[in-house]
$ cat query-v4.txt   # compact mmCIF, C-alpha atoms
# COMPACT_ATOMS: atom_id res chain seq x y z
CA MET S 1477 0.00 0.00 0.00
CA SER S 1478 1.59 3.27 -1.15
CA TYR S 1479 -0.26 5.55 1.23
CA LYS S 1480 -0.64 5.76 4.97
CA ILE S 1481 -3.35 3.51 6.40
CA ASN S 1482 -6.09 5.83 7.51
CA LYS S 1483 -6.80 6.20 11.20
CA ASN S 1484 -10.48 5.57 10.43
CA LYS S 1485 -9.90 2.02 9.21
CA HIS S 1486 -13.60 1.22 9.10
CA LEU S 1487 -13.96 3.68 6.21
CA ASN S 1488 -11.26 2.19 3.98
CA ALA S 1489 -13.31 -0.34 1.98
CA TYR S 1490 -15.67 2.20 0.39
CA TRP S 1491 -14.11 3.92 -2.65
CA MET S 1492 -16.08 7.17 -2.71
CA PRO S 1493 -17.08 8.87 -5.98
CA PHE S 1494 -15.90 12.36 -6.98
CA THR S 1495 -14.20 12.66 -3.57
CA PRO S 1496 -10.58 13.06 -2.40
CA ASN S 1497 -10.73 9.79 -0.46
CA ARG S 1498 -7.60 10.14 1.65
CA ALA S 1499 -8.53 13.62 2.84
CA PHE S 1500 -12.14 12.63 3.54
CA LYS S 1501 -11.23 9.52 5.50
CA GLU S 1502 -8.79 11.45 7.66
CA LYS S 1503 -11.54 13.91 8.59
CA PRO S 1504 -14.91 12.46 7.50
CA ARG S 1505 -18.18 14.35 7.19
CA LEU S 1506 -20.80 11.73 8.00
CA TYR S 1507 -24.57 12.14 7.99
CA LYS S 1508 -26.71 9.80 10.08
CA SER S 1509 -30.20 11.10 9.33
CA ALA S 1510 -32.14 13.85 7.59
CA LYS S 1511 -35.45 15.63 7.95
CA GLY S 1512 -36.87 18.50 5.95
CA LEU S 1513 -34.13 21.02 5.15
CA TYR S 1514 -31.49 19.54 7.43
CA TYR S 1515 -29.03 16.69 7.75
CA GLN S 1516 -27.95 15.45 11.16
CA THR S 1517 -24.29 14.47 11.47
CA THR S 1518 -22.73 11.66 13.49
CA ASP S 1519 -21.08 14.28 15.71
CA GLY S 1520 -24.45 15.74 16.69
CA ARG S 1521 -24.72 18.81 14.44
CA GLN S 1522 -27.41 20.07 12.08
CA VAL S 1523 -26.35 20.99 8.54
CA LEU S 1524 -28.69 22.98 6.29
CA ASP S 1525 -28.83 21.33 2.87
CA ALA S 1526 -28.17 24.20 0.44
CA ILE S 1527 -27.68 21.90 -2.56
CA SER S 1528 -30.92 19.87 -2.26
CA GLY S 1529 -29.00 16.64 -1.80
CA LEU S 1530 -27.11 17.27 -5.08
CA TRP S 1531 -30.21 18.63 -6.86
CA CYS S 1532 -32.27 15.59 -5.80
CA SER S 1533 -34.26 16.37 -2.66
CA ASN S 1534 -36.43 19.16 -4.03
CA LEU S 1535 -39.22 18.43 -1.53
CA GLY S 1536 -37.01 18.08 1.51
CA HIS S 1537 -35.63 14.98 3.15
CA CYS S 1538 -37.72 12.06 4.36
CA HIS S 1539 -41.00 13.58 3.25
CA PRO S 1540 -43.57 11.47 5.14
CA LYS S 1541 -45.81 10.91 2.09
CA ILE S 1542 -42.89 9.64 0.01
CA THR S 1543 -41.61 7.46 2.84
CA GLU S 1544 -45.06 5.94 3.32
CA ALA S 1545 -45.43 5.26 -0.41
CA ILE S 1546 -42.12 3.39 -0.54
CA GLN S 1547 -42.94 1.36 2.57
CA LYS S 1548 -46.34 0.32 1.24
CA GLN S 1549 -44.92 -0.60 -2.16
CA ALA S 1550 -42.13 -2.71 -0.63
CA ALA S 1551 -44.77 -4.81 1.13
CA LYS S 1552 -46.92 -5.10 -2.01
CA LEU S 1553 -44.62 -5.54 -5.04
CA ASP S 1554 -40.89 -5.31 -4.40
CA TYR S 1555 -39.63 -5.95 -7.93
CA SER S 1556 -41.02 -6.54 -11.40
CA THR S 1557 -38.98 -6.92 -14.56
CA ALA S 1558 -39.75 -4.42 -17.29
CA PHE S 1559 -38.84 -6.92 -20.03
CA ASN S 1560 -42.14 -8.27 -21.42
CA PHE S 1561 -43.92 -7.56 -18.11
CA GLY S 1562 -45.23 -4.39 -16.50
CA HIS S 1563 -47.02 -2.99 -13.47
CA GLU S 1564 -49.81 -0.45 -13.71
CA ASP S 1565 -48.15 2.24 -11.60
CA ALA S 1566 -45.34 2.63 -14.16
CA PHE S 1567 -47.85 3.49 -16.88
CA GLN S 1568 -49.62 5.91 -14.53
CA LEU S 1569 -46.37 7.71 -13.72
CA ALA S 1570 -45.51 7.99 -17.41
CA ASP S 1571 -48.89 9.64 -18.05
CA ILE S 1572 -48.33 12.12 -15.22
CA LEU S 1573 -44.87 13.02 -16.51
CA VAL S 1574 -45.80 13.63 -20.15
CA ASP S 1575 -48.67 15.86 -19.05
CA GLN S 1576 -46.07 18.28 -17.65
CA PHE S 1577 -43.96 18.51 -20.82
CA PRO S 1578 -44.76 20.13 -24.17
CA LYS S 1579 -47.51 18.18 -25.96
CA SER S 1580 -45.26 16.83 -28.69
CA LEU S 1581 -43.24 14.94 -26.04
CA GLY S 1582 -45.57 12.02 -25.46
CA HIS S 1583 -43.60 8.99 -24.27
CA VAL S 1584 -41.32 8.02 -21.36
CA PHE S 1585 -38.48 5.50 -21.27
CA PHE S 1586 -37.52 4.75 -17.64
CA THR S 1587 -33.91 4.42 -16.49
CA ASN S 1588 -32.23 4.41 -13.09
CA SER S 1589 -30.21 7.63 -13.14
CA GLY S 1590 -29.44 10.74 -15.12
CA SER S 1591 -26.34 9.07 -16.57
CA GLU S 1592 -28.43 6.18 -17.89
CA ALA S 1593 -31.04 8.60 -19.19
CA VAL S 1594 -28.40 10.44 -21.22
CA ASP S 1595 -26.91 7.27 -22.70
CA THR S 1596 -30.43 6.12 -23.52
CA ALA S 1597 -31.27 9.41 -25.26
CA LEU S 1598 -28.07 9.25 -27.31
CA LYS S 1599 -28.80 5.66 -28.36
CA ILE S 1600 -32.36 6.57 -29.27
CA ALA S 1601 -31.06 9.46 -31.38
CA LEU S 1602 -28.64 7.24 -33.27
CA ALA S 1603 -31.17 4.43 -33.71
CA TYR S 1604 -33.92 6.82 -34.81
CA HIS S 1605 -31.96 7.95 -37.83
CA GLN S 1606 -31.16 4.34 -38.71
CA VAL S 1607 -34.84 3.41 -38.59
CA ASN S 1608 -35.78 6.61 -40.40
CA GLY S 1609 -33.52 5.79 -43.32
CA GLU S 1610 -30.78 8.38 -42.65
CA LYS S 1611 -28.01 5.97 -41.70
CA SER S 1612 -25.26 8.53 -42.28
CA ARG S 1613 -26.36 10.50 -39.20
CA THR S 1614 -23.94 9.17 -36.57
CA ARG S 1615 -22.26 12.32 -35.26
CA LEU S 1616 -23.16 13.70 -31.81
CA ILE S 1617 -22.55 17.22 -30.52
CA GLY S 1618 -22.18 18.30 -26.91
CA ARG S 1619 -20.76 21.44 -25.35
CA VAL S 1620 -17.58 22.56 -23.59
CA LYS S 1621 -18.02 22.21 -19.80
CA GLY S 1622 -21.23 20.28 -20.30
CA TYR S 1623 -22.01 17.53 -17.81
CA HIS S 1624 -24.14 14.60 -18.91
CA GLY S 1625 -23.36 11.96 -16.33
CA VAL S 1626 -20.64 9.34 -16.29
CA GLY S 1627 -21.68 6.73 -18.87
CA PHE S 1628 -19.38 6.43 -21.87
CA GLY S 1629 -21.91 8.28 -24.02
CA GLY S 1630 -22.46 11.04 -21.49
CA VAL S 1631 -18.74 11.52 -20.89
CA SER S 1632 -18.10 11.61 -24.64
CA VAL S 1633 -20.58 14.41 -25.30
CA GLY S 1634 -19.75 16.06 -21.99
CA GLY S 1635 -17.08 18.71 -21.89
CA MET S 1636 -15.52 18.56 -18.43
CA SER S 1637 -11.87 17.65 -18.94
CA ASN S 1638 -11.29 15.83 -15.64
CA ASN S 1639 -14.19 13.51 -16.42
CA ARG S 1640 -12.70 12.61 -19.81
CA LYS S 1641 -8.91 12.58 -19.66
CA TYR S 1642 -8.31 9.12 -18.17
CA PHE S 1643 -10.67 7.13 -20.37
CA GLY S 1644 -9.16 7.00 -23.83
CA ASN S 1645 -10.97 7.95 -27.00
CA LEU S 1646 -14.52 7.35 -25.74
CA LEU S 1647 -17.10 7.65 -28.56
CA SER S 1648 -15.87 8.74 -31.96
CA ASP S 1649 -17.55 11.36 -34.15
CA VAL S 1650 -18.27 13.79 -31.32
CA ASP S 1651 -17.92 17.59 -31.52
CA HIS S 1652 -18.39 20.26 -28.86
CA LEU S 1653 -19.96 23.70 -29.01
CA PRO S 1654 -18.30 26.61 -27.18
CA PHE S 1655 -19.11 27.32 -23.55
CA PRO S 1656 -21.93 29.92 -23.84
CA TYR S 1657 -20.81 32.34 -21.15
CA ASN S 1658 -18.22 35.13 -21.08
CA GLU S 1659 -17.37 36.14 -17.53
CA ASN S 1660 -15.59 39.29 -18.72
CA GLU S 1661 -18.84 40.49 -20.31
CA ASN S 1662 -21.51 38.90 -18.14
CA ALA S 1663 -20.20 38.75 -14.58
CA PHE S 1664 -22.83 39.48 -11.91
CA THR S 1665 -25.72 39.18 -14.37
CA ARG S 1666 -29.13 38.50 -12.86
CA GLY S 1667 -30.80 35.78 -14.90
CA GLU S 1668 -30.07 35.48 -18.62
CA PRO S 1669 -27.23 37.66 -19.96
CA GLU S 1670 -28.10 40.17 -22.69
CA GLU S 1671 -25.59 38.98 -25.28
CA ASN S 1672 -25.87 37.88 -28.91
CA PRO S 1673 -26.29 34.08 -28.69
CA MET S 1674 -24.82 33.63 -32.17
CA HIS S 1675 -21.40 34.42 -30.70
CA TYR S 1676 -21.59 30.85 -29.43
CA LEU S 1677 -23.81 29.18 -32.03
CA ASN S 1678 -21.85 30.17 -35.13
CA GLU S 1679 -19.62 27.21 -34.28
CA LEU S 1680 -22.59 24.87 -34.76
CA GLU S 1681 -23.16 26.30 -38.22
CA GLN S 1682 -19.46 25.71 -38.95
CA ILE S 1683 -19.61 22.09 -37.73
CA ILE S 1684 -22.61 21.53 -39.99
CA LYS S 1685 -20.71 23.00 -42.95
CA THR S 1686 -17.61 20.96 -42.18
CA HIS S 1687 -19.23 17.56 -41.78
CA GLY S 1688 -22.57 18.02 -43.53
CA ALA S 1689 -25.93 18.13 -41.79
CA LYS S 1690 -26.72 14.59 -42.97
CA THR S 1691 -23.94 13.23 -40.73
CA ILE S 1692 -25.25 14.74 -37.48
CA ALA S 1693 -27.66 12.76 -35.31
CA GLY S 1694 -28.18 15.06 -32.35
CA VAL S 1695 -27.11 17.91 -30.12
CA ILE S 1696 -27.32 17.62 -26.33
CA VAL S 1697 -27.14 20.57 -23.94
CA GLU S 1698 -28.05 21.46 -20.38
CA PRO S 1699 -30.56 24.33 -20.65
CA VAL S 1700 -28.80 25.76 -17.59
CA ILE S 1701 -25.24 24.61 -17.02
CA GLY S 1702 -25.17 22.95 -13.60
CA SER S 1703 -22.11 20.94 -12.58
CA ALA S 1704 -19.64 23.35 -14.18
CA GLY S 1705 -20.81 26.04 -11.75
CA MET S 1706 -24.35 27.15 -12.56
CA PHE S 1707 -23.98 29.25 -15.70
CA VAL S 1708 -26.92 30.73 -17.63
CA PRO S 1709 -26.65 30.99 -21.44
CA PRO S 1710 -27.56 34.32 -23.06
CA LYS S 1711 -31.15 35.24 -23.79
CA GLY S 1712 -32.43 33.57 -26.93
CA TYR S 1713 -29.63 30.97 -27.05
CA LEU S 1714 -31.89 27.93 -26.75
CA LYS S 1715 -34.42 29.27 -29.26
CA LYS S 1716 -31.68 29.86 -31.82
CA LEU S 1717 -30.24 26.42 -31.12
CA ARG S 1718 -33.65 24.87 -31.73
CA GLN S 1719 -34.05 26.79 -35.00
CA ILE S 1720 -30.68 25.63 -36.32
CA THR S 1721 -31.12 21.99 -35.35
CA LYS S 1722 -34.66 21.82 -36.72
CA LYS S 1723 -33.61 23.41 -40.00
CA HIS S 1724 -31.03 20.67 -40.54
CA GLY S 1725 -33.03 17.69 -39.24
CA ILE S 1726 -30.82 17.31 -36.16
CA LEU S 1727 -32.42 16.04 -32.95
CA LEU S 1728 -32.15 18.34 -29.93
CA ILE S 1729 -31.84 16.80 -26.47
CA PHE S 1730 -32.25 18.84 -23.30
CA ASP S 1731 -30.49 17.36 -20.29
CA GLU S 1732 -33.05 18.37 -17.66
CA VAL S 1733 -31.72 16.24 -14.82
CA ILE S 1734 -31.38 19.34 -12.61
CA THR S 1735 -33.85 21.75 -14.24
CA ALA S 1736 -36.96 19.56 -14.31
CA PHE S 1737 -39.53 19.62 -11.51
CA GLY S 1738 -39.47 23.09 -10.09
CA ARG S 1739 -35.92 24.40 -10.01
CA LEU S 1740 -36.91 27.22 -12.39
CA GLY S 1741 -40.43 27.58 -11.02
CA THR S 1742 -41.84 25.45 -13.85
CA ALA S 1743 -42.16 21.74 -14.51
CA ASN S 1744 -39.14 21.85 -16.82
CA ALA S 1745 -36.78 24.15 -18.69
CA ALA S 1746 -38.46 23.44 -22.02
CA THR S 1747 -41.55 25.13 -20.61
CA TYR S 1748 -39.58 27.91 -18.90
CA PHE S 1749 -37.67 28.88 -22.07
CA ASP S 1750 -40.57 28.05 -24.42
CA VAL S 1751 -38.38 25.77 -26.51
CA ILE S 1752 -39.48 22.28 -27.55
CA PRO S 1753 -36.64 19.75 -27.89
CA ASP S 1754 -37.01 16.24 -29.28
CA MET S 1755 -36.07 14.57 -26.00
CA CYS S 1756 -35.53 15.53 -22.37
CA THR S 1757 -33.51 13.52 -19.87
CA ILE S 1758 -34.79 13.66 -16.29
CA ALA S 1759 -33.91 12.18 -12.89
CA LYS S 1760 -33.22 13.53 -9.37
CA GLY S 1761 -36.32 15.66 -8.64
CA LEU S 1762 -38.46 13.19 -10.56
CA ASN S 1763 -38.95 11.20 -7.34
CA ASN S 1764 -37.08 13.39 -4.85
CA GLY S 1765 -34.01 11.16 -5.12
CA ALA S 1766 -35.64 8.72 -2.71
CA VAL S 1767 -34.91 5.68 -4.92
CA PRO S 1768 -32.56 5.75 -7.94
CA MET S 1769 -34.58 6.69 -11.02
CA GLY S 1770 -34.28 8.52 -14.32
CA ALA S 1771 -36.13 8.71 -17.61
CA VAL S 1772 -36.12 10.06 -21.14
CA VAL S 1773 -39.18 11.97 -22.29
CA VAL S 1774 -39.38 11.34 -26.03
CA SER S 1775 -41.31 13.00 -28.83
CA LYS S 1776 -44.26 11.24 -30.42
CA GLN S 1777 -42.50 11.54 -33.76
CA ILE S 1778 -39.51 9.52 -32.55
CA TYR S 1779 -41.64 6.90 -30.80
CA ASP S 1780 -43.94 6.48 -33.79
CA CYS S 1781 -40.95 6.09 -36.09
CA PHE S 1782 -39.78 3.06 -34.10
CA ILE S 1783 -43.25 1.56 -33.78
CA ASP S 1784 -44.19 2.08 -37.42
CA GLY S 1785 -40.73 1.26 -38.74
CA THR S 1786 -40.48 -2.14 -37.04
CA LYS S 1787 -42.79 -4.71 -38.57
CA GLU S 1788 -42.69 -7.10 -35.60
CA GLY S 1789 -40.82 -7.86 -32.39
CA VAL S 1790 -38.71 -5.55 -30.23
CA GLU S 1791 -38.60 -1.98 -31.56
CA LEU S 1792 -35.60 -0.85 -29.48
CA PHE S 1793 -33.02 -3.29 -28.17
CA HIS S 1794 -32.21 -1.34 -25.04
CA GLY S 1795 -33.27 -1.26 -21.39
CA TYR S 1796 -32.27 -1.84 -17.79
CA THR S 1797 -32.94 -4.55 -15.22
CA TYR S 1798 -34.35 -1.94 -12.85
CA SER S 1799 -36.30 0.19 -15.34
CA ALA S 1800 -39.56 1.36 -13.69
CA HIS S 1801 -38.60 -0.34 -10.44
CA PRO S 1802 -41.76 -0.50 -8.29
CA LEU S 1803 -40.21 1.36 -5.34
CA ALA S 1804 -38.84 4.08 -7.59
CA VAL S 1805 -42.21 4.43 -9.30
CA ALA S 1806 -44.00 4.63 -5.94
CA SER S 1807 -41.72 7.44 -4.80
CA GLY S 1808 -42.22 9.12 -8.18
CA LEU S 1809 -46.01 9.03 -7.92
CA ALA S 1810 -45.88 10.39 -4.38
CA SER S 1811 -43.45 13.15 -5.36
CA GLN S 1812 -45.45 14.25 -8.37
CA LYS S 1813 -48.58 14.42 -6.23
CA ILE S 1814 -46.77 16.64 -3.71
CA TYR S 1815 -45.53 19.01 -6.42
CA LYS S 1816 -49.14 19.51 -7.46
CA GLU S 1817 -50.94 19.52 -4.11
CA GLU S 1818 -48.44 21.81 -2.38
CA SER S 1819 -48.11 24.18 -5.38
CA ILE S 1820 -44.33 23.82 -5.31
CA TYR S 1821 -43.70 25.53 -8.65
CA ASP S 1822 -45.63 28.62 -7.60
CA ARG S 1823 -43.83 28.69 -4.26
CA VAL S 1824 -40.52 28.72 -6.11
CA LYS S 1825 -41.66 31.61 -8.31
CA ASN S 1826 -42.57 33.60 -5.20
CA ASN S 1827 -39.06 33.15 -3.79
CA VAL S 1828 -36.97 33.71 -6.92
CA LYS S 1829 -36.44 37.47 -6.49
CA TYR S 1830 -35.61 37.06 -2.80
CA PHE S 1831 -33.09 34.35 -3.62
CA GLU S 1832 -31.59 36.46 -6.40
CA ASP S 1833 -31.13 39.43 -4.07
CA GLY S 1834 -29.58 37.20 -1.41
CA MET S 1835 -27.06 35.82 -3.90
CA HIS S 1836 -26.08 39.20 -5.32
CA ASN S 1837 -25.80 40.79 -1.89
CA LEU S 1838 -22.63 38.68 -1.57
CA MET S 1839 -21.01 40.76 -4.31
CA ASP S 1840 -18.79 42.73 -1.94
CA SER S 1841 -17.65 39.70 0.05
CA PRO S 1842 -13.98 38.67 -0.24
CA HIS S 1843 -12.82 36.45 -3.12
CA ILE S 1844 -16.00 36.73 -5.26
CA THR S 1845 -15.39 37.37 -8.98
CA ASP S 1846 -18.83 36.46 -10.35
CA ILE S 1847 -22.38 35.67 -9.23
CA ARG S 1848 -25.06 34.02 -11.38
CA ASN S 1849 -28.65 32.97 -10.74
CA ILE S 1850 -31.84 31.67 -12.29
CA GLY S 1851 -34.84 30.21 -10.50
CA LEU S 1852 -33.69 28.75 -7.17
CA ALA S 1853 -30.20 28.03 -8.44
CA GLY S 1854 -27.12 30.18 -8.04
CA GLY S 1855 -23.41 30.07 -8.71
CA LEU S 1856 -20.38 31.87 -7.35
CA THR S 1857 -16.93 32.07 -8.90
CA ILE S 1858 -14.16 32.21 -6.31
CA ALA S 1859 -10.82 33.86 -7.15
CA CYS S 1860 -8.14 31.27 -7.78
CA ARG S 1861 -5.39 31.22 -5.13
CA ASP S 1862 -1.72 30.73 -6.05
CA ASN S 1863 -2.68 29.17 -9.40
CA LYS S 1864 -4.16 26.18 -7.55
CA VAL S 1865 -7.52 25.68 -9.24
CA GLY S 1866 -10.25 24.89 -6.75
CA ALA S 1867 -8.16 25.27 -3.59
CA ARG S 1868 -9.91 28.36 -2.23
CA ALA S 1869 -13.39 27.19 -3.30
CA TYR S 1870 -12.78 23.87 -1.53
CA ASP S 1871 -11.75 25.76 1.60
CA LEU S 1872 -15.03 27.66 1.36
CA PHE S 1873 -16.92 24.37 1.06
CA LEU S 1874 -15.21 23.06 4.21
CA LYS S 1875 -15.73 26.29 6.18
CA ALA S 1876 -19.39 26.46 5.17
CA TYR S 1877 -19.89 22.89 6.39
CA GLU S 1878 -18.16 23.76 9.67
CA LEU S 1879 -20.53 26.73 10.07
CA GLY S 1880 -23.61 24.65 9.27
CA ILE S 1881 -24.51 24.52 5.54
CA GLY S 1882 -23.77 22.01 2.81
CA ILE S 1883 -22.83 23.51 -0.58
CA ARG S 1884 -21.24 22.18 -3.78
CA ALA S 1885 -17.70 23.07 -4.90
CA ASN S 1886 -16.32 22.29 -8.34
CA GLY S 1887 -13.09 23.88 -9.45
CA ASP S 1888 -13.29 27.59 -8.65
CA THR S 1889 -17.08 27.62 -8.51
CA ILE S 1890 -19.67 27.11 -5.80
CA VAL S 1891 -23.25 26.05 -6.52
CA ILE S 1892 -26.26 26.86 -4.34
CA ALA S 1893 -29.56 25.04 -4.92
CA PRO S 1894 -31.91 25.32 -1.92
CA ILE S 1895 -34.64 22.81 -1.22
CA LEU S 1896 -37.70 24.08 -3.08
CA THR S 1897 -39.99 24.11 -0.06
CA SER S 1898 -37.76 26.66 1.71
CA SER S 1899 -39.42 29.85 2.91
CA LYS S 1900 -37.71 33.22 2.58
CA LYS S 1901 -36.78 33.04 6.25
CA GLU S 1902 -35.27 29.60 5.72
CA LEU S 1903 -33.14 30.89 2.83
CA ASP S 1904 -31.50 33.56 5.00
CA PRO S 1905 -29.02 31.26 6.82
CA ILE S 1906 -27.52 30.23 3.48
CA PHE S 1907 -26.47 33.78 2.65
CA ASP S 1908 -25.49 34.64 6.21
CA ILE S 1909 -23.21 31.63 6.56
CA LEU S 1910 -21.71 32.07 3.10
CA GLU S 1911 -20.83 35.66 3.99
CA GLN S 1912 -19.21 34.51 7.25
CA ALA S 1913 -17.31 31.69 5.53
CA LEU S 1914 -15.97 33.97 2.79
CA LYS S 1915 -14.54 36.29 5.42
CA LYS S 1916 -12.84 33.44 7.26
CA ILE S 1917 -10.97 31.79 4.39
CA LYS S 1918 -7.67 33.05 2.98

$ encode --input "query-v4.txt" --output "C-alpha cells"
Amino acid sequence: MSYKINKNKHLNAYWMPFTPNRAFKEKPRLYKSAKGLYYQTTDGRQVLDAISGLWCSNLGHCHPKITEAIQKQAAKLDYSTAFNFGHEDAFQLADILVDQFPKSLGHVFFTNSGSEAVDTALKIALAYHQVNGEKSRTRLIGRVKGYHGVGFGGVSVGGMSNNRKYFGNLLSDVDHLPFPYNENENAFTRGEPEENPMHYLNELEQIIKTHGAKTIAGVIVEPVIGSAGMFVPPKGYLKKLRQITKKHGILLIFDEVITAFGRLGTANAATYFDVIPDMCTIAKGLNNGAVPMGAVVVSKQIYDCFIDGTKEGVELFHGYTYSAHPLAVASGLASQKIYKEESIYDRVKNNVKYFEDGMHNLMDSPHITDIRNIGLAGGLTIACRDNKVGARAYDLFLKAYELGIGIRANGDTIVIAPILTSSKKELDPIFDILEQALKKIK
C-alpha cells in the first residue's frame, strides 16, 4: 500500500465517488439522518442542505408521504422486470410526466439515473436515424463544460476535462460547441445575460458546414449549465439552437436532470424557455431522489418512427434490469402528487427574487469574482489562489460545512440550490453563513 493507512480504518473499503478519499477519511463528514431542510451528522450537528441533496431532494428529506409510499410498495410488489412484463403504476407515472412537458413529447423510457437517461437518449437518437432511413447520421454534438453523467456516451458528449482525460478515445464522431458564457462580459448578471447568442452558435453552423448536416444525429445541452458552476446561457440561445437543429433535421436533447420539476419555477426548462426539444432527460427531482430513477421523455415523432418502422418484435433493443422499479415508481407518484398539491412551482416563483437578491448581496464579500442565478439556483466564482484551481473554493466548502450549511464546490465555482420548499426566512441562513465563511478563508 503506497499511502498511509487511515486512522479511520472502518472507512477504507468504500471507494467514494468524486471525492478526495484520503482527505475525507482522515476527517470524515458523515450524515446519520435527515429531515426537511437539514441533515444530522454523526457528531451531533445540524447541517442545512443548500444543494438539495445534489439537486435531488427538491421536496425536503424524508417527506412522510414519500416514505409511506415506498414502505407500502415494498410490502406489495418489491420488484417486477420491465422486459415483457409491466405494473400499472409505471404506466400511470408515465402519463403524469408527459402531461407536464410540451404536448409533442408524449412517451417516457424509464432508467435508473441521469447518466443512464443520457446514454439512452443518445442511443435513441442514433437508432432513430437508422430506422428513419438516414443511416449517415452518426455524429453527436455536446458542449464545452457540459455535464451529462458518467456513462461512456455522457462523458463523450460532456465537456468537463477531468471527467474525460483518463478514459481513452470514448465515442468517436463527437464535436463540442463553445461554452456559452463570457465572464468578462456577463459577470454578476441576474438571470439570462443580454448577449448575442450567435457568438456561441456560429460554431454549430461551422460544424454543420464541415461535416454536412446529414452526418449529425443530435445535439445535447443542459438548458442551464449545472455541474460546471451554474452558468446561464444568453437570452435567446436555446431558441436559436432549436431553430438551427430543426432546420437541418438534427435532434435536440435537453439534459433536464437538474432543471426539471421546479428548479426554475416550472415543470421543466423546455416550458420555462418556451423551446421544444425532441427529447428531455430527467432524474433527481423526478422522485425526490428517494430511490434511484431517471427517464427520457421522447417526442411522439420519434416513438412512432420506431413503432411504425419495425414490422414485428422488439422496436428498441435497449433497457435496464431496474427500469420502472416499483419502489422508484412509488416514490415518483408520491413526489409528483406533492408538487401539485403543495403548489411547489408557484412557491418557487414567489421566492426567486428574494433568492436572487440574497445571492447578489454577496457581491462585496472577499474572493468573489462572479455571481449568477436563475430560479432557485445560483453560482459563485471564487478567485483562484496561487494558481491552484479549486483550492480556495474547496476551503469555502469546508468552512461552510463547519458553520452549518452544505454547498457544492467544483473547481473555482460554488453552486447553491436550496430545497424548493424553503421559505424566505429559511433561505437567510444560506447567505449569512456564506458571507461569514468567505470572510474566514484566505

$ residues_around --input "query-v4.txt" --residues "segment 1848-1854 of chain S" --least-positions-apart "3" --cutoff "8 Å" --atoms "all atoms listed in the file" --output "PyMOL selection string"
chain S and resi 1663-1668+1706-1708+1739-1741+1824-1825+1827-1828+1831-1832+1835+1891-1894+1896

$ residues_near_point --input "query-v4.txt" --point "(-36.6, 9.9, -29.4)" --cutoff "7 Å" --atoms "only C-alpha atoms" --output "VMD selection string"
chain S and resid 1597 1600 to 1601 1604 1754 to 1755 1774 to 1775 1778 to 1779

$ closest_atom_pairs --input "query-v4.txt" --of "segment 1789-1871 of chain S" --to "segment 1576-1579 of chain S" --cutoff "12 Å" --atoms "all atoms listed in the file" --output "JSON lines"
{"residue": "S:Gln1812", "atom": "CA", "partner": "S:Gln1576", "partner_atom": "CA", "distance": 10.1}
{"residue": "S:Tyr1815", "atom": "CA", "partner": "S:Gln1576", "partner_atom": "CA", "distance": 11.3}
{"residue": "S:Lys1816", "atom": "CA", "partner": "S:Gln1576", "partner_atom": "CA", "distance": 10.7}
{"residue": "S:Tyr1821", "atom": "CA", "partner": "S:Gln1576", "partner_atom": "CA", "distance": 11.8}

$ closest_residue --input "query-v4.txt" --among "S:Lys1760, S:Lys1503, S:Lys1864, S:Arg1613" --to "Gly1808 of chain S" --atoms "all atoms listed in the file"
S:Lys1760

$ residues_around --input "query-v4.txt" --residues "Pro1768 of chain S" --least-positions-apart "3" --cutoff "7 Å" --atoms "only C-alpha atoms" --output "short mmCIF file (atom, residue, chain, number, x, y, z; two decimals) with C-alpha atoms, keeping the file's coordinate frame"
data_model
loop_
_atom_site.label_atom_id
_atom_site.label_comp_id
_atom_site.auth_asym_id
_atom_site.auth_seq_id
_atom_site.Cartn_x
_atom_site.Cartn_y
_atom_site.Cartn_z
CA ASN S 1588 -32.23 4.41 -13.09
CA SER S 1589 -30.21 7.63 -13.14
CA GLY S 1765 -34.01 11.16 -5.12
CA ALA S 1804 -38.84 4.08 -7.59
#

$ closest_residue --input "query-v4.txt" --among "S:Lys1508, S:Arg1619, S:Lys1611, S:Arg1498" --to "Asp1731 of chain S" --atoms "all atoms listed in the file"
S:Arg1619

$ atom_distance --input "query-v4.txt" --atom1 "atom CA of His1794 of chain S" --atom2 "atom CA of Val1620 of chain S"
28.1 Å

$ residues_around --input "query-v4.txt" --residues "Lys1875 of chain S" --least-positions-apart "2" --cutoff "10 Å" --atoms "only C-alpha atoms" --output "list of chain:residue names"
S:Ala1869, S:Tyr1870, S:Asp1871, S:Leu1872, S:Phe1873, S:Tyr1877, S:Glu1878, S:Leu1879, S:Gly1880, S:Ile1881, S:Gly1882, S:Ile1909, S:Leu1910, S:Gln1912, S:Ala1913, S:Leu1914, S:Lys1916, S:Ile1917

$ write_last_selection --input "query-v4.txt" --atoms "C-alpha atoms" --output "PDB file, in the coordinates of the input"
ATOM      1  CA  ALA S1869     -13.390  27.190  -3.300  1.00  0.00           C
ATOM      2  CA  TYR S1870     -12.780  23.870  -1.530  1.00  0.00           C
ATOM      3  CA  ASP S1871     -11.750  25.760   1.600  1.00  0.00           C
ATOM      4  CA  LEU S1872     -15.030  27.660   1.360  1.00  0.00           C
ATOM      5  CA  PHE S1873     -16.920  24.370   1.060  1.00  0.00           C
ATOM      6  CA  TYR S1877     -19.890  22.890   6.390  1.00  0.00           C
ATOM      7  CA  GLU S1878     -18.160  23.760   9.670  1.00  0.00           C
ATOM      8  CA  LEU S1879     -20.530  26.730  10.070  1.00  0.00           C
ATOM      9  CA  GLY S1880     -23.610  24.650   9.270  1.00  0.00           C
ATOM     10  CA  ILE S1881     -24.510  24.520   5.540  1.00  0.00           C
ATOM     11  CA  GLY S1882     -23.770  22.010   2.810  1.00  0.00           C
ATOM     12  CA  ILE S1909     -23.210  31.630   6.560  1.00  0.00           C
ATOM     13  CA  LEU S1910     -21.710  32.070   3.100  1.00  0.00           C
ATOM     14  CA  GLN S1912     -19.210  34.510   7.250  1.00  0.00           C
ATOM     15  CA  ALA S1913     -17.310  31.690   5.530  1.00  0.00           C
ATOM     16  CA  LEU S1914     -15.970  33.970   2.790  1.00  0.00           C
ATOM     17  CA  LYS S1916     -12.840  33.440   7.260  1.00  0.00           C
ATOM     18  CA  ILE S1917     -10.970  31.790   4.390  1.00  0.00           C
TER      19      ILE S1917
END

$ closest_residue --input "query-v4.txt" --among "S:Gln1777, S:Ser1580, S:Gln1682, S:Thr1517" --to "Ile1752 of chain S" --atoms "all atoms listed in the file"
S:Ser1580

$ residues_around --input "query-v4.txt" --residues "Asn1763 of chain S" --least-positions-apart "5" --cutoff "12 Å" --atoms "all atoms listed in the file" --output "PyMOL selection string"
chain S and resi 1531-1539+1541-1543+1545-1546+1569+1573+1588-1589+1733+1736-1737+1758+1768-1771+1800-1801+1803-1815
